[in-house]
Amino acid sequence: MIKKNVSLLPYNTFGLDVKASHFASIKTPSDFRQIIKTAIQPILILGGGSNMLLTKNWKGLVLKNDFKGIEIIEKTANHAIVAVGGGENWHEFVLWSLSQNLGGIENLSLIPGTVGASPIQNIGAYGVELKDVFVKLEALRFETGRKNTFHKKDCKFGYRDSVFKKQLKGQFFISKVFFKLTNRNHKIKNSYGAIKEVLTQKGITKPTIQDISKAVIEIRSSKLPDPKELGNSGSFFKNPEIGKVQFEALQKKFPNLVFYELPNDQYKIPAGWLIDQAGWKGKRIGNTGCHAKQALVLVNYGGATGAEVWEHAKTVQQSVKDIYGIELTPEVNVL
Ligand code: FAD
Ligand code: EPU
């Protein structure tokens with residue numbers, strides 16, 4: 001069951017060739033309990049490897065999530081509760097929901113990775129976050145091997161954040177996630193400017209959930225690099241949130257500042273705009289750089305090491321800090 005000295009190249013979207021001293025793919029709670037008895041440490045849980053930067057070889061166990069299955073466990077006229085194995089591919093689950101005409105996750109089309117990782121950073125895109133459709137999850141505890149259930153309030157979801165990135169980091173393996181999707185009267189979320197533009201271009205005035213998914217796929221494909229062609233992990237940093245005093249001072253200095261107003265006098269500034277304005281967009285340094293169509297996406301042009309990408313990330317971070325006084329926080333898990 002445990003393989004030794006395994007290359008992680010096929011398992012991470014940055015396309016980095018690091019090795020794991022031990023590697024196991026698990027499909028059931030019983031596999032999990034057997035594996036933890038071996039006591040090989042440290043353990044790295046791997047889903048689709050689409051939100052991690054591997055800077056060195058992993059001396060320990062890589063546990064690949066292959067828990068599968070999609071099941072409607074309850075269906076009323078209005079809703080369906082769907083239970084999904086953590087190792088299912090996220091986008092395939094979205095496509096499945098559309099084929100069943102179940103609504104709620106169409107705006108999250110084309111996000112890479114697994115269902116089991118989706119609660120970790122409360123994935124989000126185009127006005128929807130995982131927490132909007134989340135009911136509960138089942139997770140296996142490393143300490144005991146037992147199954148625990150976490151409801152929405154237990155997960156402490158925030159912007160690209162949850163309890164699994166903070167207090168409970170490294171303690172649980174998410175094996176199953178339960179979603180509440182709409183069966184009719186779908187709530188169409190097309191307030192995002194780019195979605196509206198695509199629908200208008202196509203002459204669609206009453207979009208279906210399938211139309212929204214297609215529009216999101218079109219937008220994403222036009223600016224985000226396909227990891228199969230160009231290694232990346234999506235947005236490298238989170239969009240920073242700043243208070244009113246800092247915001248007003250910044251806007252005075254940079255009148256073209258792009259921002260989104262949040263509740264409680266907070267302002268979100270797009271990190272992509274900051275990095276772009278700092279002159280990094282499309283710049284290549286060695287085998288890495290900032291993508292030409294989206295500066296927030298750091299890329300591997302081929303042959304880059306994780307350490308090289310991380311060095312570049314730190315340079316960009318420092319440059320943004322020097323110009324704007326804002327410290328960018330990585331969204332990607334740097335290992
Ligand atoms: P991995 O990268 O394998 O793991 C991420 C972290 O979660 C690691 O710390 C890992 O140990 C932990 N982990 C993974 N699975 C489990 C589990 N079952 N139990 C416990 N811990 C676990 N994200 C967004 O939110 N919105 C986007 O729009 C978006 N767009 C992207 C576009 C591209 C092109 C790419 C490459 C990435 C994008 N991402 C986006 C980031 C990424 O797709 C998500 O964070 C995704 O949820 C990661 O899933 P994964 O299975 O690949 O996780
Ligand atoms: N911008 C620039 N130059 C750039 C990139 C962006 O000026 O090079 C500007 C854009 O013009 C726009 C603003 O910055 O005014 C925001 O850009 P965009 O709409 O592309 O979205 P983002 O804020 O960069 C976020 C998420 C994405 C998510 C999209 C859509 C974060 C860190 N990123 O990106 O999530 O798909 O919104 O909702 O919140 C991810 O998490 O990996 C990810 C891709």
# chains A, B, ... in the order shown; residues from 1 in each chain; ligands from 1
>>> residues_around(residues="A:Ser109", least_positions_apart="2", cutoff="7 Å", atoms="only C-alpha atoms", output="list of chain:residue names")
A:His91, A:Val94, A:Glu106, A:Asn107, A:Ile111, A:Ser213, A:Val216, A:Ile217
>>> write_last_selection(atoms="C-alpha atoms", output="PDB file, in the first residue's frame")
ATOM      1  CA  HIS A  91     -15.213  20.503 -11.428  1.00  0.00           C
ATOM      2  CA  VAL A  94     -20.041  20.759 -10.655  1.00  0.00           C
ATOM      3  CA  GLU A 106     -22.337  26.792 -11.123  1.00  0.00           C
ATOM      4  CA  ASN A 107     -20.331  29.962 -10.329  1.00  0.00           C
ATOM      5  CA  ILE A 111     -11.866  25.399 -10.009  1.00  0.00           C
ATOM      6  CA  SER A 213     -21.399  27.807 -15.745  1.00  0.00           C
ATOM      7  CA  VAL A 216     -17.667  31.365 -15.908  1.00  0.00           C
ATOM      8  CA  ILE A 217     -15.703  28.755 -17.872  1.00  0.00           C
TER       9      ILE A 217
END
>>> residues_around(residues="stretch 137-147 of chain A", least_positions_apart="5", cutoff="9 Å", atoms="only C-alpha atoms", output="number ranges by chain")
A: 29-30, 32-34, 36, 83, 116, 119, 152, 170-179
>>> write_last_selection(atoms="N, CA and C atoms", output="mmCIF file, in the first residue's frame")
data_model
loop_
_atom_site.group_PDB
_atom_site.id
_atom_site.type_symbol
_atom_site.label_atom_id
_atom_site.label_comp_id
_atom_site.auth_asym_id
_atom_site.auth_seq_id
_atom_site.Cartn_x
_atom_site.Cartn_y
_atom_site.Cartn_z
ATOM 1 N N PRO A 29 -12.228 4.658 5.115
ATOM 2 C CA PRO A 29 -11.811 4.911 6.494
ATOM 3 C C PRO A 29 -10.913 3.793 7.020
ATOM 4 N N SER A 30 -11.140 2.565 6.544
ATOM 5 C CA SER A 30 -10.304 1.464 7.027
ATOM 6 C C SER A 30 -8.869 1.601 6.487
ATOM 7 N N PHE A 32 -7.470 4.420 5.962
ATOM 8 C CA PHE A 32 -6.928 5.511 6.778
ATOM 9 C C PHE A 32 -6.398 4.962 8.107
ATOM 10 N N ARG A 33 -7.229 4.140 8.752
ATOM 11 C CA ARG A 33 -6.844 3.628 10.084
ATOM 12 C C ARG A 33 -5.604 2.727 9.994
ATOM 13 N N GLN A 34 -5.524 1.975 8.899
ATOM 14 C CA GLN A 34 -4.349 1.115 8.718
ATOM 15 C C GLN A 34 -3.085 1.952 8.543
ATOM 16 N N ILE A 36 -2.440 5.093 9.489
ATOM 17 C CA ILE A 36 -1.925 5.874 10.631
ATOM 18 C C ILE A 36 -1.222 4.977 11.656
ATOM 19 N N ALA A 83 -24.126 14.046 -0.878
ATOM 20 C CA ALA A 83 -22.915 13.663 -0.137
ATOM 21 C C ALA A 83 -21.843 13.278 -1.153
ATOM 22 N N GLY A 116 -12.746 17.337 -1.179
ATOM 23 C CA GLY A 116 -12.265 17.296 0.207
ATOM 24 C C GLY A 116 -11.464 18.518 0.606
ATOM 25 N N PRO A 119 -13.474 22.790 1.497
ATOM 26 C CA PRO A 119 -13.757 23.559 2.715
ATOM 27 C C PRO A 119 -12.502 24.169 3.356
ATOM 28 N N LYS A 152 -21.637 23.697 9.691
ATOM 29 C CA LYS A 152 -21.123 24.963 9.140
ATOM 30 C C LYS A 152 -20.501 25.855 10.221
ATOM 31 N N GLY A 170 -3.902 20.326 10.259
ATOM 32 C CA GLY A 170 -3.148 19.075 10.310
ATOM 33 C C GLY A 170 -3.758 17.987 11.185
ATOM 34 N N GLN A 171 -4.930 18.239 11.750
ATOM 35 C CA GLN A 171 -5.489 17.238 12.677
ATOM 36 C C GLN A 171 -6.505 16.288 12.042
ATOM 37 N N PHE A 172 -7.082 16.703 10.894
ATOM 38 C CA PHE A 172 -8.166 15.908 10.289
ATOM 39 C C PHE A 172 -7.964 15.679 8.797
ATOM 40 N N PHE A 173 -8.501 14.554 8.351
ATOM 41 C CA PHE A 173 -8.535 14.214 6.928
ATOM 42 C C PHE A 173 -10.007 14.295 6.503
ATOM 43 N N ILE A 174 -10.337 15.246 5.632
ATOM 44 C CA ILE A 174 -11.741 15.429 5.227
ATOM 45 C C ILE A 174 -12.114 14.345 4.212
ATOM 46 N N SER A 175 -13.075 13.491 4.599
ATOM 47 C CA SER A 175 -13.388 12.328 3.768
ATOM 48 C C SER A 175 -14.689 12.476 2.986
ATOM 49 N N LYS A 176 -15.619 13.304 3.487
ATOM 50 C CA LYS A 176 -16.903 13.457 2.790
ATOM 51 C C LYS A 176 -17.471 14.850 3.052
ATOM 52 N N VAL A 177 -18.094 15.449 2.034
ATOM 53 C CA VAL A 177 -18.689 16.782 2.210
ATOM 54 C C VAL A 177 -20.151 16.722 1.751
ATOM 55 N N PHE A 178 -21.032 17.375 2.524
ATOM 56 C CA PHE A 178 -22.473 17.395 2.226
ATOM 57 C C PHE A 178 -22.890 18.786 1.771
ATOM 58 N N PHE A 179 -23.625 18.843 0.669
ATOM 59 C CA PHE A 179 -24.031 20.123 0.077
ATOM 60 C C PHE A 179 -25.553 20.209 -0.010
#
>>> closest_residue(among="A:Pro330, A:Gly48, A:Gly282, A:Pro207", to="ligand 1", atoms="only C-alpha atoms and all ligand atoms")
A:Gly48
>>> closest_residue(among="A:Ile26, A:Val135, A:Val62, A:Leu95", to="A:Leu46", atoms="only C-alpha atoms")
A:Val62
>>> closest_residue(among="A:Gln318, A:Asn300, A:Thr28, A:Gln251", to="A:Ala278", atoms="only C-alpha atoms")
A:Gln318
>>> atom_distance(atom1="atom CA of A:Leu61", atom2="atom CA of A:Thr13")
19.3 Å
>>> select_by_dssp(residues="stretch 136-324 of chain A", states="alpha helix (DSSP H)", output="PyMOL selection string")
chain A and resi 152-155+193-201+209-223+244-253+271-277+306-324
>>> residues_around(residues="A:Lys153", least_positions_apart="5", cutoff="12 Å", atoms="only C-alpha atoms", output="JSON, numbers by chain")
{"A": [131, 134, 135, 136, 137, 158, 162, 163]}
>>> atom_distance(atom1="atom CA of A:Gly306", atom2="atom CA of A:Asn333")
11.7 Å
>>> residues_near_ligand(ligand="ligand 2", cutoff="7 Å", atoms="only C-alpha atoms and all ligand atoms", output="ChimeraX atom specification")
/A:123-127,233-239,258,270-273,275-276,281,293-296,331
>>> closest_residue(among="A:Thr76, A:Ser191, A:Thr208, A:Gln121", to="ligand 1", atoms="only C-alpha atoms and all ligand atoms")
A:Gln121
>>> residues_around(residues="A:Tyr260", least_positions_apart="2", cutoff="10 Å", atoms="only C-alpha atoms", output="count of residues only")
8
>>> closest_residue(among="A:Cys290, A:Phe14, A:Trp90, A:Asn78", to="A:His186", atoms="only C-alpha atoms")
A:Asn78
>>> closest_residue(among="A:Lys165, A:Ile73, A:Ile242, A:Leu274", to="A:Glu261", atoms="only C-alpha atoms")
A:Ile242
>>> select_by_dssp(residues="stretch 24-235 of chain A", states="strand (DSSP E or B)", output="PyMOL selection string")
chain A and resi 24-26+43-46+52-53+58-65+70-75+79-85+89+103+114+124-125+128-129+134-141+147-151+158+161+172-182+231-235
>>> residues_around(residues="A:Met52", least_positions_apart="3", cutoff="6 Å", atoms="only C-alpha atoms", output="VMD selection string")
chain A and resid 49 332 to 334
>>> atom_distance(atom1="atom CA of A:Pro240", atom2="atom CA of A:Glu327")
7.8 Å
>>> decode(residues="stretch 72-101 of chain A", atoms="N, CA, C and O atoms", output="short mmCIF file (atom, residue, chain, number, x, y, z; two decimals), in the first residue's frame")
data_model
loop_
_atom_site.label_atom_id
_atom_site.label_comp_id
_atom_site.auth_asym_id
_atom_site.auth_seq_id
_atom_site.Cartn_x
_atom_site.Cartn_y
_atom_site.Cartn_z
N ILE A 72 -27.13 11.38 -3.87
CA ILE A 72 -28.20 12.26 -3.40
C ILE A 72 -28.82 11.55 -2.20
O ILE A 72 -29.37 10.46 -2.34
N ILE A 73 -28.72 12.16 -1.01
CA ILE A 73 -29.23 11.42 0.16
C ILE A 73 -30.62 11.91 0.59
O ILE A 73 -31.26 11.29 1.41
N GLU A 74 -31.04 13.04 0.02
CA GLU A 74 -32.37 13.56 0.36
C GLU A 74 -32.80 14.47 -0.78
O GLU A 74 -31.99 15.24 -1.26
N LYS A 75 -34.06 14.36 -1.20
CA LYS A 75 -34.51 15.25 -2.27
C LYS A 75 -35.95 15.67 -2.00
O LYS A 75 -36.81 14.83 -1.74
N THR A 76 -36.17 16.99 -1.99
CA THR A 76 -37.53 17.50 -1.88
C THR A 76 -37.81 18.26 -3.18
O THR A 76 -36.94 18.33 -4.05
N ALA A 77 -39.01 18.86 -3.27
CA ALA A 77 -39.32 19.61 -4.49
C ALA A 77 -38.32 20.75 -4.68
O ALA A 77 -37.94 21.07 -5.81
N ASN A 78 -37.86 21.34 -3.58
CA ASN A 78 -37.00 22.52 -3.68
C ASN A 78 -35.50 22.26 -3.61
O ASN A 78 -34.72 23.02 -4.17
N HIS A 79 -35.11 21.21 -2.85
CA HIS A 79 -33.68 21.04 -2.57
C HIS A 79 -33.22 19.60 -2.71
O HIS A 79 -34.03 18.69 -2.67
N ALA A 80 -31.90 19.44 -2.80
CA ALA A 80 -31.31 18.10 -2.70
C ALA A 80 -30.12 18.21 -1.77
O ALA A 80 -29.37 19.20 -1.80
N ILE A 81 -29.94 17.21 -0.93
CA ILE A 81 -28.73 17.13 -0.11
C ILE A 81 -27.86 16.06 -0.78
O ILE A 81 -28.29 14.93 -1.00
N VAL A 82 -26.64 16.47 -1.10
CA VAL A 82 -25.75 15.58 -1.84
C VAL A 82 -24.50 15.31 -1.00
O VAL A 82 -23.90 16.27 -0.46
N ALA A 83 -24.13 14.05 -0.88
CA ALA A 83 -22.91 13.66 -0.14
C ALA A 83 -21.84 13.28 -1.15
O ALA A 83 -22.09 12.47 -2.05
N VAL A 84 -20.67 13.88 -1.02
CA VAL A 84 -19.62 13.67 -2.03
C VAL A 84 -18.31 13.24 -1.37
O VAL A 84 -17.85 13.87 -0.41
N GLY A 85 -17.72 12.17 -1.90
CA GLY A 85 -16.44 11.68 -1.40
C GLY A 85 -15.36 12.74 -1.60
O GLY A 85 -15.30 13.40 -2.65
N GLY A 86 -14.51 12.92 -0.59
CA GLY A 86 -13.50 13.98 -0.60
C GLY A 86 -12.53 13.91 -1.77
O GLY A 86 -11.96 14.92 -2.17
N GLY A 87 -12.35 12.71 -2.34
CA GLY A 87 -11.39 12.59 -3.44
C GLY A 87 -11.98 12.85 -4.81
O GLY A 87 -11.28 12.77 -5.83
N GLU A 88 -13.28 13.15 -4.86
CA GLU A 88 -13.90 13.48 -6.17
C GLU A 88 -13.32 14.80 -6.69
O GLU A 88 -13.07 15.73 -5.91
N ASN A 89 -13.19 14.89 -8.00
CA ASN A 89 -12.71 16.13 -8.61
C ASN A 89 -13.80 17.20 -8.52
O ASN A 89 -14.96 16.93 -8.83
N TRP A 90 -13.43 18.40 -8.06
CA TRP A 90 -14.42 19.46 -7.84
C TRP A 90 -15.22 19.79 -9.11
O TRP A 90 -16.45 19.82 -9.10
N HIS A 91 -14.51 20.05 -10.21
CA HIS A 91 -15.21 20.50 -11.43
C HIS A 91 -16.13 19.40 -11.98
O HIS A 91 -17.22 19.68 -12.48
N GLU A 92 -15.67 18.14 -11.85
CA GLU A 92 -16.55 17.05 -12.30
C GLU A 92 -17.82 16.98 -11.46
O GLU A 92 -18.90 16.68 -11.97
N PHE A 93 -17.69 17.30 -10.18
CA PHE A 93 -18.88 17.36 -9.32
C PHE A 93 -19.80 18.49 -9.79
O PHE A 93 -21.02 18.34 -9.85
N VAL A 94 -19.22 19.64 -10.15
CA VAL A 94 -20.04 20.76 -10.66
C VAL A 94 -20.79 20.32 -11.92
O VAL A 94 -22.00 20.53 -12.05
N LEU A 95 -20.07 19.67 -12.83
CA LEU A 95 -20.71 19.22 -14.08
C LEU A 95 -21.81 18.20 -13.79
O LEU A 95 -22.87 18.23 -14.42
N TRP A 96 -21.57 17.33 -12.82
CA TRP A 96 -22.60 16.35 -12.43
C TRP A 96 -23.84 17.09 -11.93
O TRP A 96 -24.96 16.77 -12.31
N SER A 97 -23.63 18.12 -11.07
CA SER A 97 -24.78 18.86 -10.50
C SER A 97 -25.59 19.51 -11.62
O SER A 97 -26.82 19.51 -11.59
N LEU A 98 -24.90 20.01 -12.63
CA LEU A 98 -25.59 20.67 -13.76
C LEU A 98 -26.38 19.63 -14.57
O LEU A 98 -27.48 19.90 -15.04
N SER A 99 -25.81 18.44 -14.70
CA SER A 99 -26.51 17.38 -15.45
C SER A 99 -27.78 16.95 -14.73
O SER A 99 -28.72 16.45 -15.34
N GLN A 100 -27.81 17.13 -13.39
CA GLN A 100 -29.00 16.79 -12.59
C GLN A 100 -29.91 18.01 -12.44
O GLN A 100 -30.89 17.95 -11.69
N ASN A 101 -29.52 19.12 -13.06
CA ASN A 101 -30.20 20.41 -12.91
C ASN A 101 -30.31 20.85 -11.44
O ASN A 101 -31.33 21.38 -11.00
#
